[in-house]
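**Q** As input, take data_5.cif (mmCIF, N, CA and C atoms):
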```cif
data_structure
loop_
_atom_site.label_atom_id
_atom_site.label_comp_id
_atom_site.auth_asym_id
_atom_site.auth_seq_id
_atom_site.Cartn_x
_atom_site.Cartn_y
_atom_site.Cartn_z
N MET A 27 42.23 94.80 -98.60
CA MET A 27 43.60 94.67 -98.12
C MET A 27 43.59 93.94 -96.78
N HIS A 28 44.50 93.03 -96.61
CA HIS A 28 44.58 92.23 -95.39
C HIS A 28 45.59 92.84 -94.43
N THR A 29 45.26 92.77 -93.16
CA THR A 29 46.19 93.22 -92.12
C THR A 29 46.72 92.00 -91.39
N ALA A 30 47.70 92.21 -90.55
CA ALA A 30 48.29 91.09 -89.80
C ALA A 30 47.28 90.46 -88.86
N THR A 31 46.29 91.24 -88.38
CA THR A 31 45.33 90.70 -87.42
C THR A 31 44.29 89.80 -88.07
N ASP A 32 44.09 89.89 -89.38
CA ASP A 32 43.10 89.01 -90.00
C ASP A 32 43.76 87.91 -90.82
N SER A 33 45.07 87.72 -90.63
CA SER A 33 45.76 86.67 -91.37
C SER A 33 45.41 85.29 -90.80
N VAL A 34 45.52 84.31 -91.65
CA VAL A 34 45.23 82.92 -91.26
C VAL A 34 46.56 82.20 -91.10
N MET A 35 46.66 81.46 -90.00
CA MET A 35 47.91 80.79 -89.65
C MET A 35 47.75 79.27 -89.74
N THR A 36 48.84 78.59 -90.01
CA THR A 36 48.89 77.14 -90.01
C THR A 36 49.22 76.63 -88.60
N VAL A 37 49.16 75.33 -88.42
CA VAL A 37 49.52 74.72 -87.13
C VAL A 37 50.96 75.08 -86.78
N LYS A 38 51.85 74.99 -87.73
CA LYS A 38 53.25 75.31 -87.47
C LYS A 38 53.41 76.76 -87.06
N GLU A 39 52.73 77.67 -87.75
CA GLU A 39 52.83 79.09 -87.42
C GLU A 39 52.29 79.38 -86.02
N VAL A 40 51.17 78.74 -85.67
CA VAL A 40 50.61 78.93 -84.33
C VAL A 40 51.55 78.35 -83.28
N ALA A 41 52.10 77.19 -83.55
CA ALA A 41 53.05 76.59 -82.61
C ALA A 41 54.26 77.50 -82.40
N ASP A 42 54.77 78.06 -83.46
CA ASP A 42 55.91 78.99 -83.35
C ASP A 42 55.49 80.25 -82.58
N TYR A 43 54.31 80.76 -82.89
CA TYR A 43 53.79 81.98 -82.25
C TYR A 43 53.61 81.77 -80.75
N LEU A 44 53.08 80.61 -80.36
CA LEU A 44 52.85 80.31 -78.95
C LEU A 44 54.07 79.68 -78.27
N ARG A 45 55.06 79.33 -79.08
CA ARG A 45 56.28 78.67 -78.58
C ARG A 45 55.95 77.35 -77.89
N VAL A 46 55.13 76.55 -78.59
CA VAL A 46 54.79 75.21 -78.12
C VAL A 46 55.00 74.23 -79.26
N ASN A 47 54.89 72.95 -78.94
CA ASN A 47 55.02 71.90 -79.93
C ASN A 47 53.77 71.87 -80.82
N GLN A 48 53.94 71.48 -82.06
CA GLN A 48 52.80 71.38 -82.99
C GLN A 48 51.74 70.40 -82.47
N ARG A 49 52.17 69.34 -81.80
CA ARG A 49 51.21 68.38 -81.23
C ARG A 49 50.30 69.05 -80.21
N THR A 50 50.84 70.00 -79.47
CA THR A 50 50.04 70.73 -78.49
C THR A 50 48.95 71.53 -79.20
N VAL A 51 49.30 72.18 -80.29
CA VAL A 51 48.32 72.94 -81.07
C VAL A 51 47.23 72.01 -81.59
N TYR A 52 47.61 70.87 -82.17
CA TYR A 52 46.63 69.90 -82.65
C TYR A 52 45.69 69.45 -81.53
N ARG A 53 46.28 69.11 -80.40
CA ARG A 53 45.48 68.61 -79.27
C ARG A 53 44.48 69.67 -78.80
N LEU A 54 44.96 70.89 -78.63
CA LEU A 54 44.07 71.96 -78.18
C LEU A 54 42.98 72.26 -79.21
N ALA A 55 43.32 72.19 -80.48
CA ALA A 55 42.32 72.45 -81.53
C ALA A 55 41.27 71.35 -81.56
N VAL A 56 41.69 70.10 -81.51
CA VAL A 56 40.75 68.97 -81.53
C VAL A 56 39.84 69.00 -80.31
N ASP A 57 40.38 69.39 -79.16
CA ASP A 57 39.60 69.48 -77.93
C ASP A 57 38.77 70.76 -77.86
N ARG A 58 38.83 71.57 -78.91
CA ARG A 58 38.10 72.86 -78.99
C ARG A 58 38.51 73.83 -77.89
N LYS A 59 39.75 73.73 -77.44
CA LYS A 59 40.27 74.65 -76.43
C LYS A 59 41.02 75.80 -77.09
N LEU A 60 41.34 75.65 -78.36
CA LEU A 60 42.02 76.67 -79.14
C LEU A 60 41.13 76.97 -80.34
N PRO A 61 40.82 78.25 -80.60
CA PRO A 61 39.92 78.57 -81.71
C PRO A 61 40.57 78.32 -83.06
N GLY A 62 39.96 77.46 -83.84
CA GLY A 62 40.47 77.15 -85.16
C GLY A 62 39.39 76.53 -86.02
N PHE A 63 39.73 76.28 -87.26
CA PHE A 63 38.79 75.66 -88.19
C PHE A 63 39.57 74.80 -89.17
N LYS A 64 38.87 73.87 -89.77
CA LYS A 64 39.52 72.97 -90.71
C LYS A 64 39.20 73.38 -92.14
N VAL A 65 40.21 73.32 -92.97
CA VAL A 65 40.06 73.47 -94.41
C VAL A 65 40.48 72.12 -94.97
N GLY A 66 39.48 71.34 -95.38
CA GLY A 66 39.76 69.97 -95.77
C GLY A 66 40.20 69.20 -94.54
N THR A 67 41.42 68.73 -94.55
CA THR A 67 41.93 67.96 -93.41
C THR A 67 42.95 68.74 -92.58
N THR A 68 43.19 70.00 -92.93
CA THR A 68 44.21 70.77 -92.22
C THR A 68 43.57 71.87 -91.37
N TRP A 69 44.17 72.11 -90.23
CA TRP A 69 43.70 73.15 -89.32
C TRP A 69 44.25 74.50 -89.73
N ARG A 70 43.41 75.53 -89.55
CA ARG A 70 43.81 76.92 -89.77
C ARG A 70 43.30 77.75 -88.60
N PHE A 71 43.98 78.85 -88.33
CA PHE A 71 43.68 79.68 -87.18
C PHE A 71 43.79 81.15 -87.57
N LYS A 72 42.80 81.95 -87.17
CA LYS A 72 42.88 83.39 -87.41
C LYS A 72 43.72 84.01 -86.30
N ARG A 73 44.67 84.83 -86.71
CA ARG A 73 45.58 85.45 -85.74
C ARG A 73 44.80 86.24 -84.69
N ALA A 74 43.77 86.96 -85.08
CA ALA A 74 42.99 87.75 -84.12
C ALA A 74 42.33 86.84 -83.09
N ASP A 75 41.84 85.66 -83.52
CA ASP A 75 41.23 84.71 -82.58
C ASP A 75 42.27 84.17 -81.60
N ILE A 76 43.46 83.90 -82.09
CA ILE A 76 44.53 83.39 -81.23
C ILE A 76 44.93 84.47 -80.22
N ASP A 77 45.02 85.71 -80.67
CA ASP A 77 45.36 86.80 -79.75
C ASP A 77 44.30 86.97 -78.66
N ARG A 78 43.02 86.86 -79.02
CA ARG A 78 41.94 86.93 -78.02
C ARG A 78 42.03 85.75 -77.05
N TRP A 79 42.35 84.56 -77.58
CA TRP A 79 42.50 83.37 -76.74
C TRP A 79 43.64 83.57 -75.74
N ILE A 80 44.74 84.14 -76.21
CA ILE A 80 45.88 84.42 -75.32
C ILE A 80 45.45 85.37 -74.21
N ASP A 81 44.74 86.43 -74.56
CA ASP A 81 44.27 87.39 -73.55
C ASP A 81 43.36 86.71 -72.53
N ALA A 82 42.46 85.85 -73.01
CA ALA A 82 41.55 85.14 -72.10
C ALA A 82 42.31 84.19 -71.18
N GLN A 83 43.32 83.52 -71.71
CA GLN A 83 44.12 82.61 -70.90
C GLN A 83 44.88 83.38 -69.83
N ALA A 84 45.42 84.52 -70.22
CA ALA A 84 46.17 85.34 -69.28
C ALA A 84 45.25 85.86 -68.18
N ALA A 85 44.04 86.29 -68.55
CA ALA A 85 43.08 86.83 -67.58
C ALA A 85 42.60 85.74 -66.63
N SER A 86 42.43 84.53 -67.13
CA SER A 86 41.94 83.45 -66.27
C SER A 86 42.97 83.02 -65.25
N GLY A 87 44.22 83.39 -65.46
CA GLY A 87 45.27 83.05 -64.51
C GLY A 87 45.43 84.07 -63.40
N LEU A 88 44.72 85.22 -63.52
CA LEU A 88 44.82 86.25 -62.50
C LEU A 88 43.90 85.95 -61.33
N PRO A 89 44.28 86.34 -60.14
CA PRO A 89 43.34 86.24 -59.01
C PRO A 89 42.10 87.08 -59.32
N GLU A 90 40.95 86.72 -58.74
CA GLU A 90 39.67 87.34 -59.07
C GLU A 90 39.69 88.86 -58.92
N ARG A 91 40.28 89.39 -57.88
CA ARG A 91 40.26 90.84 -57.68
C ARG A 91 41.10 91.56 -58.74
N GLU A 92 42.17 90.90 -59.24
CA GLU A 92 42.98 91.50 -60.30
C GLU A 92 42.24 91.48 -61.62
N GLN A 93 41.41 90.45 -61.86
CA GLN A 93 40.62 90.40 -63.08
C GLN A 93 39.66 91.57 -63.13
N ALA A 94 39.03 91.88 -62.02
CA ALA A 94 38.06 92.98 -61.96
C ALA A 94 38.76 94.31 -62.24
N SER A 95 39.96 94.50 -61.72
CA SER A 95 40.65 95.76 -61.95
C SER A 95 41.24 95.86 -63.36
N ALA A 96 41.43 94.71 -64.01
CA ALA A 96 41.97 94.70 -65.37
C ALA A 96 40.90 95.07 -66.40
N ARG A 97 39.64 95.03 -66.02
CA ARG A 97 38.54 95.33 -66.96
C ARG A 97 38.37 96.78 -67.19
#
```
Have the structure of the file written as structure tokens, please.
**A**
Amino acid sequence: MHTATDSVMTVKEVADYLRVNQRTVYRLAVDRKLPGFKVGTTWRFKRADIDRWIDAQAASGLPEREQASAR
């Protein structure tokens, strides 16, 4: 049985989820800044990987002392 955290998302779904343009998702994926994989010629993204990426992005924006206390 699949849960929402192990679902696979399309570029459009990730763009909607992140509230960014689809071109941004493509650019980040091609630059390997967003975790994803290709199935044939189309990009796919695991929701759990995207959620971890969001957490890492949020943590990297914190001042160093706040990062330590967030752990």
**Q** Thr36 (chain A): which residues within 7 Å, counting all atoms listed in the file, same-chain residues fewer than 5 positions away excluded, as a PyMOL selection string?
**A** chain A and resi 41+69-71
**Q** Pick the closest to Leu60 (chain A) from A:Trp79, A:Ala74, A:Gly87, A:Arg45: which is it, counting all atoms listed in the file?
**A** A:Trp79
**Q** I'd like the neighbourhood of region 48-57 of chain A as a list in words, where a residue qualifies if any of its atoms comes within 7 Å (using only C-alpha atoms), though same-chain residues fewer than 5 positions away should be ignored.
**A** Val37, Lys38, Ala41 and Gly62 of chain A
**Q** Work out how far apart CA of Ile80 (chain A) and CA of Val65 (chain A) are and give it in Å to one decimal.
**A**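 That distance, rounded to one decimal, is 22.8 Å.
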**Q** Tell me, in Å to one decimal, how far CA of Lys72 (chain A) is from CA of Ser33 (chain A).
**A**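 Atom-to-atom, CA of Lys72 (chain A) and CA of Ser33 (chain A) are spaced 5.9 Å apart.
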**Q** In Å, how far is it from atom N of Phe63 (chain A) to atom C of Asp77 (chain A)?
**A**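 Between atom N of Phe63 (chain A) and atom C of Asp77 (chain A) the gap is 14.5 Å.
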